[in-house]
file upload_22.cif (mmCIF, C-alpha atoms)
data_upload
loop_
_atom_site.group_PDB
_atom_site.id
_atom_site.type_symbol
_atom_site.label_atom_id
_atom_site.label_comp_id
_atom_site.auth_asym_id
_atom_site.auth_seq_id
_atom_site.Cartn_x
_atom_site.Cartn_y
_atom_site.Cartn_z
ATOM 1 C CA MET A 25 -36.125 10.504 5.314
ATOM 2 C CA THR A 26 -35.001 12.606 8.262
ATOM 3 C CA TYR A 27 -35.611 16.312 8.536
ATOM 4 C CA CYS A 28 -32.545 18.510 8.232
ATOM 5 C CA PRO A 29 -32.901 22.087 9.448
ATOM 6 C CA PRO A 30 -32.059 24.734 6.856
ATOM 7 C CA GLN A 31 -28.401 25.640 6.812
ATOM 8 C CA SER A 32 -27.042 29.137 6.699
ATOM 9 C CA THR A 33 -25.399 30.243 3.463
ATOM 10 C CA SER A 34 -22.008 30.402 5.180
ATOM 11 C CA GLU A 35 -22.398 26.749 6.266
ATOM 12 C CA VAL A 36 -23.359 25.747 2.732
ATOM 13 C CA SER A 37 -20.415 27.592 1.176
ATOM 14 C CA ARG A 38 -18.067 26.094 3.800
ATOM 15 C CA GLU A 39 -19.386 22.646 2.914
ATOM 16 C CA GLU A 40 -18.879 23.340 -0.791
ATOM 17 C CA GLN A 41 -15.303 24.453 -0.106
ATOM 18 C CA ALA A 42 -14.671 21.230 1.804
ATOM 19 C CA ARG A 43 -16.231 19.210 -1.011
ATOM 20 C CA ALA A 44 -14.081 20.994 -3.603
ATOM 21 C CA LEU A 45 -10.952 20.286 -1.544
ATOM 22 C CA CYS A 46 -11.821 16.592 -1.316
ATOM 23 C CA LEU A 47 -12.496 16.386 -5.040
ATOM 24 C CA ARG A 48 -9.135 18.031 -5.786
ATOM 25 C CA LEU A 49 -7.386 15.535 -3.526
ATOM 26 C CA LEU A 50 -9.254 12.631 -5.127
ATOM 27 C CA THR A 51 -8.249 13.832 -8.590
ATOM 28 C CA ALA A 52 -4.583 13.172 -7.801
ATOM 29 C CA ARG A 53 -5.185 9.631 -6.441
ATOM 30 C CA ALA A 54 -7.714 7.544 -4.550
ATOM 31 C CA ARG A 55 -7.776 8.272 -0.812
ATOM 32 C CA THR A 56 -9.280 6.735 2.288
ATOM 33 C CA ARG A 57 -11.988 8.404 4.311
ATOM 34 C CA ALA A 58 -9.493 8.900 7.142
ATOM 35 C CA GLU A 59 -6.991 10.642 4.848
ATOM 36 C CA LEU A 60 -9.648 13.050 3.597
ATOM 37 C CA ALA A 61 -10.939 13.671 7.118
ATOM 38 C CA GLY A 62 -7.385 14.439 8.230
ATOM 39 C CA GLN A 63 -6.915 16.953 5.425
ATOM 40 C CA LEU A 64 -10.225 18.649 6.238
ATOM 41 C CA THR A 65 -9.328 18.846 9.940
ATOM 42 C CA LYS A 66 -5.876 20.209 9.097
ATOM 43 C CA ARG A 67 -7.532 23.006 7.124
ATOM 44 C CA GLY A 68 -9.885 23.858 9.969
ATOM 45 C CA TYR A 69 -13.202 22.402 8.802
ATOM 46 C CA PRO A 70 -15.520 21.432 11.657
ATOM 47 C CA ASP A 71 -16.267 17.728 12.169
ATOM 48 C CA ASP A 72 -19.959 18.082 11.269
ATOM 49 C CA VAL A 73 -19.114 19.703 7.903
ATOM 50 C CA SER A 74 -16.430 17.080 7.222
ATOM 51 C CA GLY A 75 -18.807 14.265 8.117
ATOM 52 C CA ARG A 76 -21.543 15.510 5.764
ATOM 53 C CA VAL A 77 -19.097 16.025 2.884
ATOM 54 C CA LEU A 78 -17.471 12.615 3.350
ATOM 55 C CA ASP A 79 -20.874 10.932 3.622
ATOM 56 C CA ARG A 80 -21.923 12.543 0.325
ATOM 57 C CA LEU A 81 -18.715 11.437 -1.379
ATOM 58 C CA ALA A 82 -19.065 7.900 -0.013
ATOM 59 C CA HIS A 83 -22.694 7.776 -1.158
ATOM 60 C CA ALA A 84 -21.546 8.857 -4.639
ATOM 61 C CA GLY A 85 -18.936 6.056 -4.620
ATOM 62 C CA LEU A 86 -15.932 8.391 -4.631
ATOM 63 C CA VAL A 87 -14.679 7.330 -1.199
ATOM 64 C CA ASP A 88 -14.618 3.572 -0.612
ATOM 65 C CA ASP A 89 -12.042 2.185 1.811
ATOM 66 C CA VAL A 90 -12.674 -1.433 0.751
ATOM 67 C CA ASP A 91 -12.032 -0.652 -2.909
ATOM 68 C CA PHE A 92 -9.041 1.522 -1.974
ATOM 69 C CA ALA A 93 -7.473 -1.294 0.081
ATOM 70 C CA GLU A 94 -7.908 -3.854 -2.709
ATOM 71 C CA GLN A 95 -6.394 -1.534 -5.303
ATOM 72 C CA TRP A 96 -3.556 -0.536 -2.970
ATOM 73 C CA VAL A 97 -2.647 -4.168 -2.250
ATOM 74 C CA GLN A 98 -2.725 -5.091 -5.941
ATOM 75 C CA SER A 99 -0.666 -2.090 -7.021
ATOM 76 C CA ARG A 100 1.963 -2.241 -4.263
ATOM 77 C CA ARG A 101 2.469 -6.011 -4.675
ATOM 78 C CA VAL A 102 3.009 -5.731 -8.412
ATOM 79 C CA ASN A 103 4.944 -2.463 -8.586
ATOM 80 C CA ALA A 104 6.873 -2.388 -5.306
ATOM 81 C CA GLY A 105 6.957 -6.104 -4.460
ATOM 82 C CA LYS A 106 5.610 -5.527 -0.963
ATOM 83 C CA GLY A 107 4.856 -8.417 1.387
ATOM 84 C CA LYS A 108 1.742 -8.812 3.529
ATOM 85 C CA ARG A 109 3.239 -7.198 6.637
ATOM 86 C CA ALA A 110 4.359 -4.092 4.776
ATOM 87 C CA LEU A 111 1.015 -3.788 2.990
ATOM 88 C CA ALA A 112 -0.897 -4.069 6.263
ATOM 89 C CA ALA A 113 1.313 -1.386 7.850
ATOM 90 C CA GLU A 114 0.836 0.955 4.887
ATOM 91 C CA LEU A 115 -2.935 0.538 4.961
ATOM 92 C CA ARG A 116 -3.002 1.141 8.719
ATOM 93 C CA THR A 117 -1.160 4.436 8.250
ATOM 94 C CA LYS A 118 -3.774 5.405 5.676
ATOM 95 C CA GLY A 119 -6.514 4.881 8.267
ATOM 96 C CA VAL A 120 -8.023 1.697 6.845
ATOM 97 C CA ASP A 121 -9.947 -0.455 9.335
ATOM 98 C CA ASN A 122 -8.275 -3.743 10.410
ATOM 99 C CA ASP A 123 -11.192 -5.857 9.124
ATOM 100 C CA VAL A 124 -10.881 -4.241 5.691
ATOM 101 C CA ILE A 125 -7.107 -4.842 5.732
ATOM 102 C CA THR A 126 -7.621 -8.508 6.612
ATOM 103 C CA ASP A 127 -10.095 -8.932 3.757
ATOM 104 C CA ALA A 128 -7.821 -7.152 1.268
ATOM 105 C CA LEU A 129 -4.859 -9.349 2.195
ATOM 106 C CA ALA A 130 -6.874 -12.577 2.234
ATOM 107 C CA GLY A 131 -6.294 -13.074 -1.496
ATOM 108 C CA ILE A 132 -2.531 -13.414 -0.992
ATOM 109 C CA ASP A 133 -1.637 -16.949 -0.036
ATOM 110 C CA ALA A 134 1.775 -18.093 1.197
ATOM 111 C CA GLY A 135 2.648 -19.564 -2.202
ATOM 112 C CA ALA A 136 1.963 -16.307 -4.020
ATOM 113 C CA GLU A 137 3.980 -14.354 -1.474
ATOM 114 C CA ARG A 138 6.896 -16.759 -1.836
ATOM 115 C CA GLU A 139 6.747 -16.539 -5.652
ATOM 116 C CA ARG A 140 6.893 -12.745 -5.499
ATOM 117 C CA ALA A 141 9.874 -12.877 -3.103
ATOM 118 C CA GLU A 142 11.660 -15.347 -5.407
ATOM 119 C CA GLN A 143 11.092 -13.075 -8.391
ATOM 120 C CA LEU A 144 12.481 -10.058 -6.524
ATOM 121 C CA VAL A 145 15.589 -11.996 -5.470
ATOM 122 C CA ARG A 146 16.099 -13.414 -8.977
ATOM 123 C CA ASP A 147 15.917 -9.937 -10.478
ATOM 124 C CA LYS A 148 18.516 -8.611 -8.014
ATOM 125 C CA LEU A 149 20.815 -11.627 -8.379
ATOM 126 C CA ARG A 150 21.051 -11.227 -12.142
ATOM 127 C CA ARG A 151 22.752 -7.862 -11.572
ATOM 128 C CA GLU A 152 25.072 -9.116 -8.797
ATOM 129 C CA LYS A 153 28.708 -9.992 -9.340
ATOM 130 C CA LEU A 154 29.170 -13.236 -7.468
ATOM 131 C CA GLY A 155 32.797 -13.752 -6.550
ATOM 132 C CA ASP A 156 34.140 -16.441 -4.251
ATOM 133 C CA GLY A 157 33.306 -15.666 -0.642
ATOM 134 C CA ASP A 158 30.638 -13.072 -1.545
ATOM 135 C CA ASP A 159 27.724 -15.245 -0.452
ATOM 136 C CA PRO A 160 27.386 -13.920 3.128
ATOM 137 C CA LYS A 161 27.461 -10.307 1.941
ATOM 138 C CA VAL A 162 24.974 -10.932 -0.892
ATOM 139 C CA MET A 163 22.802 -12.991 1.450
ATOM 140 C CA ARG A 164 22.646 -10.144 4.017
ATOM 141 C CA ARG A 165 21.834 -7.597 1.353
ATOM 142 C CA LEU A 166 19.045 -9.653 -0.225
ATOM 143 C CA VAL A 167 17.490 -10.748 3.073
ATOM 144 C CA GLY A 168 17.533 -7.092 4.154
ATOM 145 C CA MET A 169 15.831 -6.056 0.903
ATOM 146 C CA LEU A 170 13.049 -8.592 1.470
ATOM 147 C CA ALA A 171 12.699 -7.611 5.137
ATOM 148 C CA ARG A 172 12.269 -3.939 4.191
ATOM 149 C CA ARG A 173 9.505 -4.977 1.834
ATOM 150 C CA GLY A 174 7.625 -6.796 4.572
ATOM 151 C CA TYR A 175 8.605 -10.428 4.096
ATOM 152 C CA GLY A 176 9.234 -12.588 7.156
ATOM 153 C CA GLN A 177 12.813 -13.462 8.080
ATOM 154 C CA SER A 178 12.474 -17.224 7.724
ATOM 155 C CA LEU A 179 10.868 -16.877 4.291
ATOM 156 C CA ALA A 180 13.517 -14.356 3.219
ATOM 157 C CA VAL A 181 16.443 -16.541 4.325
ATOM 158 C CA ASP A 182 14.922 -19.626 2.695
ATOM 159 C CA VAL A 183 14.204 -17.842 -0.604
ATOM 160 C CA VAL A 184 17.608 -16.145 -0.787
ATOM 161 C CA THR A 185 19.461 -19.387 0.023
ATOM 162 C CA SER A 186 17.698 -21.367 -2.687
ATOM 163 C CA GLU A 187 17.847 -18.587 -5.311
ATOM 164 C CA LEU A 188 21.532 -17.967 -4.623
ATOM 165 C CA ALA A 189 22.238 -21.685 -5.166
ATOM 166 C CA ASN A 190 20.143 -21.628 -8.366
ATOM 167 C CA GLU A 191 22.006 -18.567 -9.673
ATOM 168 C CA ARG A 192 25.422 -20.119 -8.940
ATOM 169 C CA GLU A 193 24.314 -23.279 -10.776
ATOM 170 C CA ARG A 194 22.986 -21.241 -13.710
ATOM 171 C CA ARG A 195 26.277 -19.342 -14.024
ATOM 172 C CA ARG A 196 28.301 -22.548 -13.808
ATOM 173 C CA VAL A 197 26.627 -23.950 -16.935
#

call {"tool": "encode", "arguments": {"input": "upload_22.cif", "output": "structure tokens"}}
result
Amino acid sequence: MTYCPPQSTSEVSREEQARALCLRLLTARARTRAELAGQLTKRGYPDDVSGRVLDRLAHAGLVDDVDFAEQWVQSRRVNAGKGKRALAAELRTKGVDNDVITDALAGIDAGAERERAEQLVRDKLRREKLGDGDDPKVMRRLVGMLARRGYGQSLAVDVVTSELANERERRRV
């Protein structure tokens, strides 16, 4: 164990304030180490105080970027229907390391991503009024919806084309 020189009472109270802030933030939702560090910096805490507080929280298991990334990917795929590209971008903005992002997204294969895109398009198509000549307009709207959620253009066009044909066939019966 390394020797730590005694801290002044003002340093200790400053550290406790920083710790309390982090705990309040973590009560609302899980956060990455980078998010917490940013909040501490924004409120004027020195880097050494922030580092000690974040190390303590990480040691206690309250700050874990790997766990955060896995939960984020699971939640955003299910609830928001996000594709891999969008998930990676969101995690990057939260300060998650690229290696952690790669590992978190490794569980999503191309088949699963396509299935999720098909489900999103099916759900939207059920609410669409499909008149004659509406296909290009509906196609643009649905491909745009998938693109905003982080799906690649070729996948989006392919999924929308096949689901649009399926929906027309279903309505014909």

call {"tool": "atom_distance", "arguments": {"input": "upload_22.cif", "atom1": "CA of Gln95 (chain A)", "atom2": "CA of Ala112 (chain A)"}}
result
13.1 Å

call {"tool": "resolve_selection", "arguments": {"input": "upload_22.cif", "expression": "the PyMOL selection byres ((chain A and resi 78-93) around 7)", "output": "JSON, numbers by chain"}}
result
{"A": [54, 55, 56, 57, 74, 75, 76, 77, 94, 95, 96, 97, 115, 120, 124, 125, 128]}

call {"tool": "resolve_selection", "arguments": {"input": "upload_22.cif", "expression": "the PyMOL selection byres ((chain A and resi 138-143) around 10)", "output": "list in words"}}
result
Arg101, Val102, Gly105, Lys106, Gly107, Asp133, Ala134, Gly135, Ala136, Glu137, Leu144, Val145, Arg146, Asp147, Lys148, Leu149, Met169, Leu170, Arg173, Tyr175, Leu179, Ala180, Asp182, Val183, Val184, Ser186 and Glu187 of chain A

call {"tool": "closest_residue", "arguments": {"input": "upload_22.cif", "among": "A:Asp72, A:Asp127, A:Glu193, A:Glu114", "to": "Ala42 (chain A)", "atoms": "only C-alpha atoms"}}
result
A:Asp72

call {"tool": "atom_distance", "arguments": {"input": "upload_22.cif", "atom1": "CA of Thr117 (chain A)", "atom2": "CA of Glu59 (chain A)"}}
result
9.2 Å

call {"tool": "closest_residue", "arguments": {"input": "upload_22.cif", "among": "A:Arg109, A:Gln177, A:Thr185, A:Glu39", "to": "Pro70 (chain A)", "atoms": "only C-alpha atoms"}}
result
A:Glu39

call {"tool": "atom_distance", "arguments": {"input": "upload_22.cif", "atom1": "CA of Val167 (chain A)", "atom2": "CA of Val181 (chain A)"}}
result
6.0 Å

call {"tool": "axis_aligned_box", "arguments": {"input": "upload_22.cif", "around": "region 91-105 of chain A", "padding_each_side": "5 Å", "output": "lines of an AutoDock Vina configuration file"}}
result
center_x = -2.5
center_y = -2.3
center_z = -4.3
size_x = 29.0
size_y = 17.6
size_z = 18.7

call {"tool": "decode", "arguments": {"input": "upload_22.cif", "residues": "region 81-95 of chain A", "atoms": "N, CA, C and O atoms", "output": "JSON list (two decimals), in the first residue's frame"}}
result
[["chain", "number", "residue", "atom", "x", "y", "z"],
["A", 81, "LEU", "N", -15.23, 5.61, -6.51],
["A", 81, "LEU", "CA", -16.52, 5.15, -7.04],
["A", 81, "LEU", "C", -16.34, 3.94, -7.96],
["A", 81, "LEU", "O", -17.16, 3.01, -7.95],
["A", 82, "ALA", "N", -15.28, 3.95, -8.75],
["A", 82, "ALA", "CA", -15.01, 2.81, -9.64],
["A", 82, "ALA", "C", -14.66, 1.57, -8.82],
["A", 82, "ALA", "O", -15.13, 0.47, -9.12],
["A", 83, "HIS", "N", -13.86, 1.78, -7.76],
["A", 83, "HIS", "CA", -13.48, 0.67, -6.89],
["A", 83, "HIS", "C", -14.72, 0.07, -6.21],
["A", 83, "HIS", "O", -14.81, -1.14, -6.01],
["A", 84, "ALA", "N", -15.69, 0.92, -5.89],
["A", 84, "ALA", "CA", -16.93, 0.46, -5.25],
["A", 84, "ALA", "C", -17.90, -0.15, -6.27],
["A", 84, "ALA", "O", -18.95, -0.67, -5.89],
["A", 85, "GLY", "N", -17.58, -0.06, -7.57],
["A", 85, "GLY", "CA", -18.43, -0.63, -8.60],
["A", 85, "GLY", "C", -19.56, 0.28, -9.05],
["A", 85, "GLY", "O", -20.47, -0.16, -9.76],
["A", 86, "LEU", "N", -19.51, 1.55, -8.67],
["A", 86, "LEU", "CA", -20.57, 2.48, -9.04],
["A", 86, "LEU", "C", -20.33, 3.13, -10.40],
["A", 86, "LEU", "O", -21.26, 3.65, -11.02],
["A", 87, "VAL", "N", -19.08, 3.14, -10.85],
["A", 87, "VAL", "CA", -18.74, 3.69, -12.15],
["A", 87, "VAL", "C", -18.00, 2.60, -12.92],
["A", 87, "VAL", "O", -16.90, 2.21, -12.54],
["A", 88, "ASP", "N", -18.65, 2.09, -13.97],
["A", 88, "ASP", "CA", -18.07, 1.01, -14.76],
["A", 88, "ASP", "C", -18.48, 1.24, -16.22],
["A", 88, "ASP", "O", -19.62, 0.98, -16.61],
["A", 89, "ASP", "N", -17.54, 1.75, -17.02],
["A", 89, "ASP", "CA", -17.85, 2.09, -18.40],
["A", 89, "ASP", "C", -18.24, 0.87, -19.23],
["A", 89, "ASP", "O", -19.08, 0.97, -20.13],
["A", 90, "VAL", "N", -17.65, -0.29, -18.95],
["A", 90, "VAL", "CA", -17.97, -1.51, -19.70],
["A", 90, "VAL", "C", -19.43, -1.89, -19.45],
["A", 90, "VAL", "O", -20.20, -2.14, -20.39],
["A", 91, "ASP", "N", -19.82, -1.91, -18.19],
["A", 91, "ASP", "CA", -21.20, -2.25, -17.83],
["A", 91, "ASP", "C", -22.16, -1.20, -18.40],
["A", 91, "ASP", "O", -23.23, -1.53, -18.93],
["A", 92, "PHE", "N", -21.79, 0.07, -18.30],
["A", 92, "PHE", "CA", -22.61, 1.15, -18.83],
["A", 92, "PHE", "C", -22.86, 0.95, -20.33],
["A", 92, "PHE", "O", -23.99, 1.05, -20.80],
["A", 93, "ALA", "N", -21.79, 0.66, -21.08],
["A", 93, "ALA", "CA", -21.90, 0.51, -22.53],
["A", 93, "ALA", "C", -22.82, -0.66, -22.88],
["A", 93, "ALA", "O", -23.66, -0.55, -23.78],
["A", 94, "GLU", "N", -22.68, -1.77, -22.18],
["A", 94, "GLU", "CA", -23.53, -2.94, -22.46],
["A", 94, "GLU", "C", -25.00, -2.62, -22.18],
["A", 94, "GLU", "O", -25.88, -2.96, -22.97],
["A", 95, "GLN", "N", -25.26, -1.97, -21.06],
["A", 95, "GLN", "CA", -26.64, -1.61, -20.72],
["A", 95, "GLN", "C", -27.20, -0.59, -21.71],
["A", 95, "GLN", "O", -28.37, -0.67, -22.10]]
